[in-house]
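Q: Next comes the structure file work.tsv, holding TSV, C-alpha atoms and all ligand atoms.
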```tsv
chain	number	residue	atom	x	y	z
A	1	MET	CA	102.78	2.57	-25.18
A	2	SER	CA	104.32	3.67	-21.89
A	3	LEU	CA	107.96	2.85	-21.17
A	4	ALA	CA	109.77	2.27	-17.88
A	5	TYR	CA	113.47	2.35	-17.09
A	6	PHE	CA	114.24	-1.17	-15.88
A	7	LYS	CA	117.52	-3.08	-15.54
A	8	GLY	CA	119.40	-0.39	-17.43
A	9	ALA	CA	117.09	-0.10	-20.45
A	10	PHE	CA	113.82	1.51	-21.54
A	11	VAL	CA	111.23	-1.27	-21.84
A	12	PRO	CA	107.42	-1.39	-22.18
A	13	LEU	CA	105.92	-0.80	-18.72
A	14	GLU	CA	104.19	-4.21	-18.74
A	15	GLU	CA	107.56	-5.91	-19.20
A	16	ALA	CA	109.10	-4.19	-16.16
A	17	LYS	CA	108.37	-7.08	-13.76
A	18	VAL	CA	110.18	-8.67	-10.81
A	19	SER	CA	110.01	-12.21	-9.40
A	20	VAL	CA	107.90	-13.07	-6.35
A	21	MET	CA	111.21	-14.12	-4.76
A	22	THR	CA	112.64	-10.60	-4.97
A	23	HIS	CA	114.05	-9.55	-1.60
A	24	ALA	CA	112.36	-6.12	-1.63
A	25	PHE	CA	108.95	-7.68	-2.37
A	26	ASN	CA	109.34	-10.04	0.59
A	27	TYR	CA	110.89	-7.65	3.12
A	28	GLY	CA	110.22	-4.07	1.98
A	29	THR	CA	113.94	-3.51	1.38
A	30	GLY	CA	113.68	-0.77	-1.21
A	31	ILE	CA	113.76	3.00	-1.21
A	32	PHE	CA	111.78	5.24	-3.47
A	33	GLU	CA	111.16	8.79	-4.57
A	34	GLY	CA	108.12	10.67	-5.78
A	35	ILE	CA	108.87	13.45	-8.24
A	36	LYS	CA	106.45	15.55	-10.20
A	37	ALA	CA	106.77	17.05	-13.65
A	38	TYR	CA	104.44	19.90	-14.62
A	39	TYR	CA	103.29	20.52	-18.17
A	40	SER	CA	103.02	24.10	-19.48
A	41	PRO	CA	101.08	24.33	-22.75
A	42	GLY	CA	102.41	27.87	-23.55
A	43	PRO	CA	106.02	26.83	-24.12
A	44	ASP	CA	104.88	23.21	-24.71
A	45	GLU	CA	107.33	22.14	-22.02
A	46	LEU	CA	107.36	19.59	-19.24
A	47	PHE	CA	109.27	20.79	-16.17
A	48	ILE	CA	110.59	18.24	-13.66
A	49	PHE	CA	110.54	19.89	-10.23
A	50	ARG	CA	113.79	19.69	-8.27
A	51	ALA	CA	114.82	16.42	-9.91
A	52	GLU	CA	118.44	16.51	-8.78
A	53	ASP	CA	117.45	17.28	-5.19
A	54	HIS	CA	115.16	14.23	-5.21
A	55	PHE	CA	117.90	12.05	-6.63
A	56	GLU	CA	120.47	13.37	-4.12
A	57	ARG	CA	118.07	12.32	-1.36
A	58	PHE	CA	117.51	8.99	-3.13
A	59	ARG	CA	121.26	8.29	-3.22
A	60	ARG	CA	121.70	9.35	0.44
A	61	ASN	CA	118.78	7.14	1.51
A	62	GLY	CA	120.29	4.18	-0.34
A	63	ARG	CA	123.17	4.25	2.14
A	64	ILE	CA	120.81	3.40	5.00
A	65	LEU	CA	120.06	0.06	3.29
A	66	LYS	CA	123.66	-0.34	2.08
A	67	MET	CA	122.67	0.37	-1.52
A	68	TYR	CA	125.43	2.44	-3.08
A	69	LEU	CA	123.96	3.65	-6.35
A	70	ARG	CA	126.35	3.86	-9.28
A	71	GLU	CA	124.40	6.58	-11.07
A	72	SER	CA	124.90	10.19	-9.96
A	73	ALA	CA	121.92	12.46	-9.32
A	74	ALA	CA	122.64	14.21	-12.62
A	75	GLU	CA	122.67	10.90	-14.47
A	76	LEU	CA	119.41	9.76	-12.85
A	77	THR	CA	117.87	13.12	-13.82
A	78	ALA	CA	119.01	12.64	-17.42
A	79	ILE	CA	117.56	9.11	-17.50
A	80	THR	CA	114.25	10.44	-16.16
A	81	ALA	CA	114.11	13.27	-18.71
A	82	GLU	CA	114.82	10.75	-21.46
A	83	LEU	CA	112.05	8.46	-20.17
A	84	LEU	CA	109.52	11.30	-20.20
A	85	ARG	CA	110.63	12.38	-23.68
A	86	ARG	CA	110.31	8.86	-25.02
A	87	ASN	CA	106.83	8.62	-23.46
A	88	GLY	CA	105.98	12.00	-24.99
A	89	HIS	CA	103.98	13.13	-21.95
A	90	ARG	CA	102.00	16.31	-22.46
A	91	SER	CA	100.27	16.42	-19.07
A	92	ASP	CA	101.43	16.57	-15.46
A	93	VAL	CA	103.31	13.41	-14.55
A	94	TYR	CA	104.19	11.62	-11.32
A	95	ILE	CA	107.59	9.92	-11.48
A	96	ARG	CA	108.44	6.97	-9.27
A	97	PRO	CA	112.11	5.95	-8.98
A	98	LEU	CA	112.79	2.84	-6.89
A	99	ALA	CA	116.06	1.25	-5.82
A	100	TYR	CA	115.42	-2.21	-4.43
A	101	LYS	CA	117.20	-5.28	-3.17
A	102	SER	CA	116.90	-7.55	-6.16
A	103	LEU	CA	118.33	-10.81	-4.76
A	104	GLU	CA	115.92	-13.69	-5.40
A	105	LYS	CA	116.58	-15.68	-2.25
A	106	VAL	CA	114.85	-15.92	1.13
A	107	GLY	CA	116.68	-14.64	4.21
A	108	VAL	CA	116.53	-11.34	6.08
A	109	LYS	CA	119.76	-9.39	5.69
A	110	LEU	CA	120.83	-6.56	3.47
A	111	PRO	CA	122.22	-8.33	0.39
A	112	ASP	CA	124.33	-6.27	-2.00
A	113	GLU	CA	122.34	-7.00	-5.16
A	114	HIS	CA	120.13	-4.09	-6.13
A	115	ASP	CA	118.51	-2.49	-9.16
A	116	VAL	CA	117.08	0.90	-10.02
A	117	THR	CA	113.81	1.32	-11.87
A	118	ILE	CA	111.86	4.44	-12.85
A	119	PHE	CA	108.32	4.69	-14.15
A	120	ALA	CA	106.03	7.64	-14.74
A	121	VAL	CA	102.25	8.03	-14.75
A	122	PRO	CA	100.08	10.96	-15.86
A	123	VAL	CA	98.32	12.60	-12.88
A	124	SER	CA	95.86	15.31	-12.04
A	125	ALA	CA	95.77	17.18	-8.70
A	126	TYR	CA	95.71	14.86	-5.66
A	127	PHE	CA	93.62	17.19	-3.48
A	128	ASP	CA	90.95	19.71	-4.45
A	129	LEU	CA	92.76	22.88	-3.35
A	130	ALA	CA	89.55	24.87	-2.94
A	131	ARG	CA	88.45	22.49	-0.19
A	132	PRO	CA	90.63	22.54	2.93
A	133	LEU	CA	91.28	19.12	4.39
A	134	ARG	CA	89.52	17.58	7.36
A	135	THR	CA	92.28	15.98	9.38
A	136	CYS	CA	92.65	13.97	12.58
A	137	ILE	CA	95.51	13.01	14.84
A	138	SER	CA	96.29	9.43	13.97
A	139	SER	CA	96.09	6.69	16.58
A	140	TRP	CA	99.22	5.32	14.85
A	141	ARG	CA	102.57	6.84	15.84
A	142	ARG	CA	105.19	7.83	13.26
A	143	VAL	CA	107.95	5.22	12.74
A	144	GLU	CA	110.98	5.79	14.94
A	145	ASP	CA	114.43	6.46	13.53
A	146	ASN	CA	115.81	3.52	15.51
A	147	ALA	CA	113.14	1.16	14.18
A	148	ILE	CA	112.64	2.05	10.49
A	149	PRO	CA	114.12	5.49	9.67
A	150	GLY	CA	111.32	7.69	8.34
A	151	ARG	CA	113.80	9.96	6.59
A	152	GLY	CA	114.86	6.97	4.47
A	153	LYS	CA	111.72	6.77	2.31
A	154	ILE	CA	112.03	3.02	2.76
A	155	CYS	CA	109.33	0.95	1.03
A	156	GLY	CA	108.49	-1.11	4.12
A	157	ALA	CA	108.05	2.03	6.25
A	158	TYR	CA	105.04	3.02	4.16
A	159	VAL	CA	102.93	0.42	5.95
A	160	ASN	CA	102.99	3.05	8.72
A	161	SER	CA	101.64	5.71	6.32
A	162	ALA	CA	99.06	3.35	4.83
A	163	LEU	CA	97.68	2.44	8.27
A	164	ALA	CA	97.29	6.09	9.22
A	165	ALA	CA	95.86	7.27	5.88
A	166	GLN	CA	93.33	4.40	5.77
A	167	GLU	CA	92.24	4.88	9.37
A	168	ALA	CA	91.66	8.59	8.71
A	169	ARG	CA	89.54	7.86	5.64
A	170	ASP	CA	87.60	5.08	7.38
A	171	ASN	CA	86.75	7.60	10.10
A	172	GLY	CA	85.52	10.21	7.59
A	173	PHE	CA	88.61	12.43	7.45
A	174	ASP	CA	90.72	13.34	4.42
A	175	GLU	CA	94.14	12.92	6.01
A	176	ALA	CA	95.96	11.94	9.16
A	177	ILE	CA	98.54	13.83	11.22
A	178	PHE	CA	101.15	11.65	12.89
A	179	LEU	CA	102.58	12.32	16.33
A	180	ASN	CA	105.92	10.70	17.05
A	181	GLU	CA	106.68	8.52	20.07
A	182	ASP	CA	107.51	11.70	22.06
A	183	GLY	CA	103.95	12.87	21.44
A	184	GLN	CA	105.11	15.77	19.24
A	185	VAL	CA	103.65	16.59	15.83
A	186	ALA	CA	105.55	14.86	13.01
A	187	GLU	CA	103.80	15.05	9.61
A	188	GLY	CA	100.97	13.72	7.45
A	189	SER	CA	100.94	10.25	5.90
A	190	ALA	CA	103.00	11.46	2.91
A	191	MET	CA	103.32	15.20	3.42
A	192	ASN	CA	105.02	17.67	5.74
A	193	ILE	CA	103.06	20.07	7.91
A	194	PHE	CA	103.40	23.82	8.50
A	195	MET	CA	101.67	26.01	11.04
A	196	VAL	CA	101.21	29.78	10.72
A	197	ARG	CA	101.34	31.43	14.12
A	198	GLY	CA	102.23	35.00	15.07
A	199	GLY	CA	103.06	35.89	11.46
A	200	ARG	CA	105.72	33.20	11.13
A	201	LEU	CA	105.83	29.65	9.82
A	202	HIS	CA	106.56	26.78	12.17
A	203	THR	CA	107.41	23.23	11.15
A	204	PRO	CA	108.76	20.17	13.01
A	205	PRO	CA	112.50	19.46	12.83
A	206	ALA	CA	114.18	16.60	10.93
A	207	SER	CA	114.67	14.88	14.31
A	208	ALA	CA	110.88	14.55	14.75
A	209	ASN	CA	111.01	11.43	12.50
A	210	ILE	CA	109.75	13.31	9.46
A	211	LEU	CA	110.78	12.85	5.88
A	212	GLU	CA	112.87	15.91	5.10
A	213	GLY	CA	110.67	17.04	2.25
A	214	ILE	CA	111.93	18.77	-0.87
A	215	THR	CA	108.67	20.75	-1.02
A	216	ARG	CA	109.13	21.67	2.67
A	217	ALA	CA	112.53	23.16	1.84
A	218	ALA	CA	111.07	24.96	-1.20
A	219	ILE	CA	108.21	26.42	0.87
A	220	MET	CA	110.63	27.84	3.45
A	221	GLU	CA	112.63	29.49	0.69
A	222	ILE	CA	109.55	30.83	-1.12
A	223	ALA	CA	108.07	32.18	2.14
A	224	ARG	CA	111.29	34.02	2.92
A	225	ASN	CA	111.90	35.36	-0.61
A	226	GLU	CA	108.38	36.21	-1.70
A	227	LEU	CA	106.45	36.89	1.52
A	228	GLY	CA	109.27	37.99	3.83
A	229	ILE	CA	108.16	35.30	6.31
A	230	GLY	CA	110.70	33.23	8.25
A	231	THR	CA	110.27	29.68	9.54
A	232	ASP	CA	110.88	28.37	13.04
A	233	ILE	CA	111.93	24.74	12.86
A	234	ARG	CA	110.88	23.44	16.25
A	235	SER	CA	108.88	20.80	18.10
A	236	ILE	CA	105.14	21.40	17.88
A	237	ASP	CA	102.58	20.23	20.42
A	238	ARG	CA	99.27	18.70	19.38
A	239	SER	CA	97.28	21.44	21.11
A	240	GLU	CA	99.12	24.14	19.13
A	241	LEU	CA	97.45	22.75	16.03
A	242	TYR	CA	94.05	23.47	17.58
A	243	GLN	CA	95.09	27.11	18.14
A	244	ALA	CA	96.96	27.73	14.87
A	245	ASP	CA	96.18	30.75	12.70
A	246	GLU	CA	96.63	28.55	9.62
A	247	LEU	CA	97.84	25.04	8.88
A	248	PHE	CA	98.84	23.46	5.60
A	249	PHE	CA	100.44	20.31	4.23
A	250	CYS	CA	103.04	20.24	1.50
A	251	GLY	CA	104.63	17.50	-0.54
A	252	THR	CA	105.19	16.35	-4.08
A	253	MET	CA	101.71	14.81	-4.39
A	254	ALA	CA	99.95	17.05	-1.87
A	255	GLU	CA	101.56	20.21	-3.34
A	256	VAL	CA	100.43	22.98	-0.97
A	257	VAL	CA	97.03	22.31	0.57
A	258	ALA	CA	95.19	24.02	3.42
A	259	ILE	CA	94.07	22.11	6.50
A	260	GLY	CA	90.54	23.20	7.38
A	261	SER	CA	90.16	21.28	10.63
A	262	VAL	CA	92.00	19.06	13.08
A	263	ASP	CA	90.00	16.65	15.23
A	264	HIS	CA	86.79	18.53	14.33
A	265	ARG	CA	88.25	21.89	15.43
A	266	PRO	CA	88.14	24.43	12.55
A	267	VAL	CA	91.39	26.14	11.52
A	268	ALA	CA	91.25	29.63	9.98
A	269	GLY	CA	87.44	29.41	9.90
A	270	GLY	CA	87.68	26.28	7.74
A	271	MET	CA	88.98	28.33	4.77
A	272	PRO	CA	92.48	28.52	3.24
A	273	GLY	CA	94.22	31.35	5.15
A	274	PRO	CA	96.03	34.27	3.47
A	275	VAL	CA	99.57	32.93	3.94
A	276	THR	CA	98.57	29.50	2.62
A	277	ARG	CA	96.88	31.09	-0.41
A	278	GLN	CA	99.89	33.26	-1.26
A	279	LEU	CA	102.24	30.30	-0.95
A	280	GLN	CA	99.98	28.19	-3.17
A	281	GLU	CA	99.93	30.93	-5.80
A	282	CYS	CA	103.73	31.30	-5.84
A	283	PHE	CA	104.27	27.53	-5.80
A	284	PHE	CA	102.06	26.83	-8.81
A	285	GLU	CA	103.63	29.66	-10.82
A	286	ILE	CA	107.11	28.39	-10.01
A	287	VAL	CA	106.48	24.73	-10.91
A	288	ARG	CA	105.04	25.69	-14.31
A	289	GLY	CA	108.03	27.85	-15.16
A	290	ALA	CA	106.41	31.27	-14.73
A	291	ARG	CA	108.99	32.62	-12.25
A	292	PRO	CA	112.48	32.86	-13.82
A	293	ARG	CA	114.10	33.34	-10.41
A	294	TYR	CA	113.42	29.67	-9.68
A	295	ALA	CA	114.43	28.32	-13.10
A	296	GLU	CA	117.22	26.28	-11.58
A	297	TRP	CA	114.62	24.16	-9.74
A	298	LEU	CA	113.21	22.97	-13.07
A	299	THR	CA	114.53	20.49	-15.64
A	300	PRO	CA	112.84	21.25	-18.98
A	301	VAL	CA	112.32	17.82	-20.53
A	302	TYR	CA	111.88	18.69	-24.20
A	303	GLN	CA	114.44	21.51	-24.34
A	304	SER	CA	117.07	19.42	-22.53
A	305	GLY	CA	116.48	16.71	-25.17
A	306	GLU	CA	117.22	19.16	-27.96
A	307	GLU	CA	120.35	20.38	-26.18
A	308	ALA	CA	121.56	16.82	-25.85
A	309	GLY	CA	120.85	16.25	-29.54
A	310	GLY	CA	118.29	13.62	-28.61
A	311	ARG	CA	120.96	11.63	-26.76
A	312	LEU	CA	121.29	11.08	-23.05
A	313	VAL	CA	123.54	13.40	-21.08
A	314	GLY	CA	126.19	11.71	-18.97
A	315	SER	CA	128.47	8.78	-19.65
A	316	ALA	CA	126.88	6.35	-17.18
A	317	CYS	CA	123.51	6.74	-18.89
A	318	GLU	CA	125.02	5.85	-22.21
A	319	ALA	CA	126.61	2.80	-20.63
A	320	HIS	CA	123.35	1.53	-19.13
A	321	VAL	CA	120.81	2.27	-21.84
B	401	LIG	N1	106.56	13.00	4.35
B	401	LIG	C1	106.40	11.76	3.84
B	401	LIG	C2	106.24	10.61	4.78
B	401	LIG	C3	106.35	11.57	2.45
B	401	LIG	O1	106.19	10.34	1.95
B	401	LIG	C4	106.46	12.70	1.59
B	401	LIG	C5	106.38	12.52	0.10
B	401	LIG	N2	107.61	12.23	-0.48
B	401	LIG	C6	106.66	13.96	2.17
B	401	LIG	C7	106.70	14.08	3.55
B	401	LIG	C8	106.88	15.17	1.32
B	401	LIG	O2	108.16	15.13	0.75
B	401	LIG	P1	108.50	15.79	-0.65
B	401	LIG	O3	108.13	17.22	-0.56
B	401	LIG	O4	109.95	15.58	-0.83
B	401	LIG	O5	107.67	15.08	-1.66
```
Any chance you could give the structure as structure tokens?

A:
Amino acid sequence: MSLAYFKGAFVPLEEAKVSVMTHAFNYGTGIFEGIKAYYSPGPDELFIFRAEDHFERFRRNGRILKMYLRESAAELTAITAELLRRNGHRSDVYIRPLAYKSLEKVGVKLPDEHDVTIFAVPVSAYFDLARPLRTCISSWRRVEDNAIPGRGKICGAYVNSALAAQEARDNGFDEAIFLNEDGQVAEGSAMNIFMVRGGRLHTPPASANILEGITRAAIMEIARNELGIGTDIRSIDRSELYQADELFFCGTMAEVVAIGSVDHRPVAGGMPGPVTRQLQECFFEIVRGARPRYAEWLTPVYQSGEEAGGRLVGSACEAHV
């Protein structure tokens, strides 16, 4: 039986239900995260990747919708580790925290009432990494910061992503690339984009209406540390994508995946390029705990349970559970 964290307790997933009158269900007034935990059979350990960074972003994003979360990032991480332990996952897992306006009343405002819920589902790889993606420029533009802030990971904003991802698939592509209202490259439907050009990485800035990805930040650090490659954070034109040496997406679900074509124009001969391949290799070693230098990015679920004596770490967790 799978458990979810719901209204301050661990309950069977099928009991974690909200009313049809819930504000967030009616108006999209929630924020969410996507976090991945990677299982390593050798040490029999499940590593949550950059959990506290995700929860810091989650808490920051809450402020956009006037949701001031009581739990700290460390407490939310401890709750998540406890959830995974109780579920006993021994496979890769996708974790979905949500903070949502829980008022059961019609009316569009930003009511104070909110709740936090977390559930987790076993997953396998989202993309086949051996097959670079066929992408297109979406006819949909990325949501504007002054309409629905893309950096907020706001539930309602994902209509924008769904429209673009579905259009791309309906037209025979694997993924879409959004331009923003300025006509500059923004990102994929749920992943950030990098271009390799002139031996450096290039990626759009936070002000291009992107989500400031945790994987994006990790990739910049890995590229600098392991490959000696720096990143230029700058506006990117659509036509630069057609001329790029390599292109790849990154994100929690997408991981690091090569883009093989944009608008039917092959990139790097339609194969994963050398920089993309090296970054993929480093990334997958890091997330499974094979590179000690990056140990602080990982929360070991089973070991942290032993250290806590099977109890939750952090006073707020004890209060809520
Ligand atoms: N952009 C968007 C729109 C996303 O939804 C995601 C997935 N969270 C990303 C980028 C990648 O962000 P991260 O690396 O933090 O998962």

Q: For a test of reading the model, state the distance in Å between atom CA of Ala190 of chain A and atom C7 of ligand LIG 401 (chain B), rounded to one decimal.

A: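 Interatomic distance here is 4.6 Å.
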
Q: Can you work out the spacing between atom CA of Phe249 of chain A and atom CA of His89 of chain A in Å, to one decimal?

A: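 We find that atom CA of Phe249 of chain A and atom CA of His89 of chain A lie 27.4 Å from each other.
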
Q: Around all the atoms of ligand LIG 401 (chain B) listed in the file, draw an axis-aligned box and extend it by 6 Å on each of the six sides; I want its centre and edge lengths in Å to one decimal, as AutoDock Vina command-line options.

A:
```
--center_x 108.1 --center_y 13.8 --center_z 1.6 --size_x 15.8 --size_y 18.9 --size_z 18.4
```

Q: Check which residues of segment 140-178 of chain A sit at most 9 Å from segment 64-79 of chain A using all atoms listed in the file, and return one row each with the closest pair of atoms and their distance in Å to one decimal, ordered by chain and rising number, as JSON lines.

A:
```
{"residue": "A:Pro149", "atom": "CA", "partner": "A:Ile64", "partner_atom": "CA", "distance": 8.4}
{"residue": "A:Gly152", "atom": "CA", "partner": "A:Ile64", "partner_atom": "CA", "distance": 7.0}
{"residue": "A:Ile154", "atom": "CA", "partner": "A:Leu65", "partner_atom": "CA", "distance": 8.6}
```

Q: Give me the residues of chain A that have any atom at most 10 Å from an atom of ligand LIG 401 (chain B); for each, the nearest atom pair and the distance in Å, rounded to one decimal. Use all atoms listed in the file, sort by chain and number, and format it as CSV.

A:
```
residue,atom,partner,partner_atom,distance
A:Phe32,CA,B:LIG401,N2,8.7
A:Glu33,CA,B:LIG401,N2,6.4
A:Gly34,CA,B:LIG401,N2,5.5
A:Ile35,CA,B:LIG401,O5,6.9
A:Lys36,CA,B:LIG401,O5,8.6
A:Arg50,CA,B:LIG401,O4,9.3
A:Asp53,CA,B:LIG401,O4,8.8
A:His54,CA,B:LIG401,O4,6.9
A:Arg57,CA,B:LIG401,O4,8.8
A:Arg142,CA,B:LIG401,C2,9.0
A:Val143,CA,B:LIG401,C2,9.8
A:Gly150,CA,B:LIG401,C2,6.9
A:Arg151,CA,B:LIG401,C2,7.8
A:Gly152,CA,B:LIG401,C2,9.4
A:Lys153,CA,B:LIG401,O1,6.6
A:Ile154,CA,B:LIG401,O1,9.4
A:Cys155,CA,B:LIG401,O1,9.9
A:Ala157,CA,B:LIG401,C2,8.9
A:Tyr158,CA,B:LIG401,C2,7.7
A:Asn160,CA,B:LIG401,C2,9.1
A:Ser161,CA,B:LIG401,C2,6.9
A:Phe178,CA,B:LIG401,C2,9.6
A:Ala186,CA,B:LIG401,N1,8.9
A:Glu187,CA,B:LIG401,N1,6.3
A:Gly188,CA,B:LIG401,N1,6.4
A:Ser189,CA,B:LIG401,C2,5.4
A:Ala190,CA,B:LIG401,C3,3.4
A:Met191,CA,B:LIG401,C7,3.6
A:Asn192,CA,B:LIG401,C7,4.5
A:Ile193,CA,B:LIG401,C7,8.3
A:Asn209,CA,B:LIG401,C2,9.1
A:Ile210,CA,B:LIG401,N1,6.0
A:Leu211,CA,B:LIG401,N1,4.5
A:Glu212,CA,B:LIG401,O2,6.5
A:Gly213,CA,B:LIG401,O4,3.5
A:Ile214,CA,B:LIG401,O4,3.8
A:Thr215,CA,B:LIG401,O3,3.6
A:Arg216,CA,B:LIG401,O3,5.6
A:Ala217,CA,B:LIG401,O3,7.8
A:Ala218,CA,B:LIG401,O3,8.3
A:Ile219,CA,B:LIG401,O3,9.3
A:Phe249,CA,B:LIG401,C8,8.7
A:Cys250,CA,B:LIG401,O3,6.3
A:Gly251,CA,B:LIG401,O3,3.5
A:Thr252,CA,B:LIG401,O5,3.7
A:Met253,CA,B:LIG401,O5,6.6
A:Ala254,CA,B:LIG401,C8,7.9
A:Glu255,CA,B:LIG401,O3,7.7
A:Val256,CA,B:LIG401,O3,9.6
```

Q: Please produce an output containing C-alpha atoms for each residue in the selection, written as a CSV table (one decimal), in the frame of the given file.

A:
```
chain,number,residue,atom,x,y,z
A,32,PHE,CA,111.8,5.2,-3.5
A,33,GLU,CA,111.2,8.8,-4.6
A,34,GLY,CA,108.1,10.7,-5.8
A,35,ILE,CA,108.9,13.4,-8.2
A,36,LYS,CA,106.4,15.6,-10.2
A,50,ARG,CA,113.8,19.7,-8.3
A,53,ASP,CA,117.4,17.3,-5.2
A,54,HIS,CA,115.2,14.2,-5.2
A,57,ARG,CA,118.1,12.3,-1.4
A,142,ARG,CA,105.2,7.8,13.3
A,143,VAL,CA,108.0,5.2,12.7
A,150,GLY,CA,111.3,7.7,8.3
A,151,ARG,CA,113.8,10.0,6.6
A,152,GLY,CA,114.9,7.0,4.5
A,153,LYS,CA,111.7,6.8,2.3
A,154,ILE,CA,112.0,3.0,2.8
A,155,CYS,CA,109.3,1.0,1.0
A,157,ALA,CA,108.0,2.0,6.2
A,158,TYR,CA,105.0,3.0,4.2
A,160,ASN,CA,103.0,3.0,8.7
A,161,SER,CA,101.6,5.7,6.3
A,178,PHE,CA,101.2,11.6,12.9
A,186,ALA,CA,105.6,14.9,13.0
A,187,GLU,CA,103.8,15.0,9.6
A,188,GLY,CA,101.0,13.7,7.4
A,189,SER,CA,100.9,10.2,5.9
A,190,ALA,CA,103.0,11.5,2.9
A,191,MET,CA,103.3,15.2,3.4
A,192,ASN,CA,105.0,17.7,5.7
A,193,ILE,CA,103.1,20.1,7.9
A,209,ASN,CA,111.0,11.4,12.5
A,210,ILE,CA,109.8,13.3,9.5
A,211,LEU,CA,110.8,12.8,5.9
A,212,GLU,CA,112.9,15.9,5.1
A,213,GLY,CA,110.7,17.0,2.2
A,214,ILE,CA,111.9,18.8,-0.9
A,215,THR,CA,108.7,20.8,-1.0
A,216,ARG,CA,109.1,21.7,2.7
A,217,ALA,CA,112.5,23.2,1.8
A,218,ALA,CA,111.1,25.0,-1.2
A,219,ILE,CA,108.2,26.4,0.9
A,249,PHE,CA,100.4,20.3,4.2
A,250,CYS,CA,103.0,20.2,1.5
A,251,GLY,CA,104.6,17.5,-0.5
A,252,THR,CA,105.2,16.4,-4.1
A,253,MET,CA,101.7,14.8,-4.4
A,254,ALA,CA,100.0,17.0,-1.9
A,255,GLU,CA,101.6,20.2,-3.3
A,256,VAL,CA,100.4,23.0,-1.0
```

Q: Distance atom CA of Pro274 of chain A-atom CA of Asp174 of chain A, one decimal place?

A: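 If I compute the distance from atom CA of Pro274 of chain A to atom CA of Asp174 of chain A, I get 21.6 Å.
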
Q: Using all atoms listed in the file for the distances, tell me which of A:Leu103, A:Met271, A:Asp182, A:Phe248 is nearest to Arg141 of chain A.

A: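 Nearest candidate to Arg141 of chain A out of A:Leu103, A:Met271, A:Asp182, A:Phe248: A:Asp182.
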
Q: With all atoms listed in the file as the counted atoms, please give the residues lying no more than 12 Å from Cys282 of chain A, apart from itself and same-chain residues fewer than 2 positions off, as a PyMOL selection string.

A: chain A and resi 218-219+221-227+255-256+275-280+284-294

Q: Keeping C-alpha atoms, export the residues of the selection given above as a JSON list (two decimals), in the frame of the given file.

A:
```json
[["chain", "number", "residue", "atom", "x", "y", "z"],
["A", 218, "ALA", "CA", 111.07, 24.96, -1.20],
["A", 219, "ILE", "CA", 108.21, 26.42, 0.87],
["A", 221, "GLU", "CA", 112.63, 29.49, 0.69],
["A", 222, "ILE", "CA", 109.55, 30.83, -1.12],
["A", 223, "ALA", "CA", 108.07, 32.18, 2.14],
["A", 224, "ARG", "CA", 111.29, 34.02, 2.92],
["A", 225, "ASN", "CA", 111.90, 35.36, -0.61],
["A", 226, "GLU", "CA", 108.38, 36.21, -1.70],
["A", 227, "LEU", "CA", 106.45, 36.89, 1.52],
["A", 255, "GLU", "CA", 101.56, 20.21, -3.34],
["A", 256, "VAL", "CA", 100.43, 22.98, -0.97],
["A", 275, "VAL", "CA", 99.57, 32.93, 3.94],
["A", 276, "THR", "CA", 98.57, 29.50, 2.62],
["A", 277, "ARG", "CA", 96.88, 31.09, -0.41],
["A", 278, "GLN", "CA", 99.89, 33.26, -1.26],
["A", 279, "LEU", "CA", 102.24, 30.30, -0.95],
["A", 280, "GLN", "CA", 99.98, 28.19, -3.17],
["A", 284, "PHE", "CA", 102.06, 26.83, -8.81],
["A", 285, "GLU", "CA", 103.63, 29.66, -10.82],
["A", 286, "ILE", "CA", 107.11, 28.39, -10.01],
["A", 287, "VAL", "CA", 106.48, 24.73, -10.91],
["A", 288, "ARG", "CA", 105.04, 25.69, -14.31],
["A", 289, "GLY", "CA", 108.03, 27.85, -15.16],
["A", 290, "ALA", "CA", 106.41, 31.27, -14.73],
["A", 291, "ARG", "CA", 108.99, 32.62, -12.25],
["A", 292, "PRO", "CA", 112.48, 32.86, -13.82],
["A", 293, "ARG", "CA", 114.10, 33.34, -10.41],
["A", 294, "TYR", "CA", 113.42, 29.67, -9.68]]
```

Q: Using only C-alpha atoms, which of A:Leu98, A:Leu84, A:Ala51, A:Asp263 sits nearest Ser139 of chain A?

A: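 Closest residue, counting only C-alpha atoms: A:Asp263.
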
Q: So, counting only C-alpha atoms, which residue among A:Lys7, A:His114, A:Arg234, A:Arg265 is closest to Met195 of chain A?

A: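 That would be A:Arg234, the residue with the smallest distance to Met195 of chain A.
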
Q: Counting all atoms listed in the file, which of A:Gln184, A:Ser124, A:Ser2, A:Thr29 gets nearest to Ser239 of chain A?

A: A:Gln184

Q: Calculated over only C-alpha atoms, which of the candidates A:Met1, A:Leu46, A:Ala176, A:Leu83 has the smallest distance to Arg134 of chain A?

A: A:Ala176

Q: Can you tell me which residues surround Glu240 of chain A at a distance of at most 10 Å, considering only C-alpha atoms, apart from same-chain residues fewer than 4 positions away, and format the answer as a list in words?

A: Val185, Met195, Arg197, Ile236, Ala244 and Asp245 of chain A

Q: Find, counting all atoms listed in the file, the residue in A:Tyr94, A:Trp297, A:Tyr126, A:Phe6 that gets nearest to Tyr39 of chain A.

A: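 Under the stated criterion, the closest residue is A:Tyr94.
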
Q: Can you tell me, as a list of chain:residue names, what residues are no more than 8 Å from Ile48 of chain A when counting all atoms listed in the file, ignoring any on the same chain fewer than 6 positions away?

A: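 Everything that qualifies: A:Ile35, A:Lys36, A:Ala37, A:Tyr38, A:Ala81, A:Leu298, A:Thr299, A:Pro300, A:Val301.
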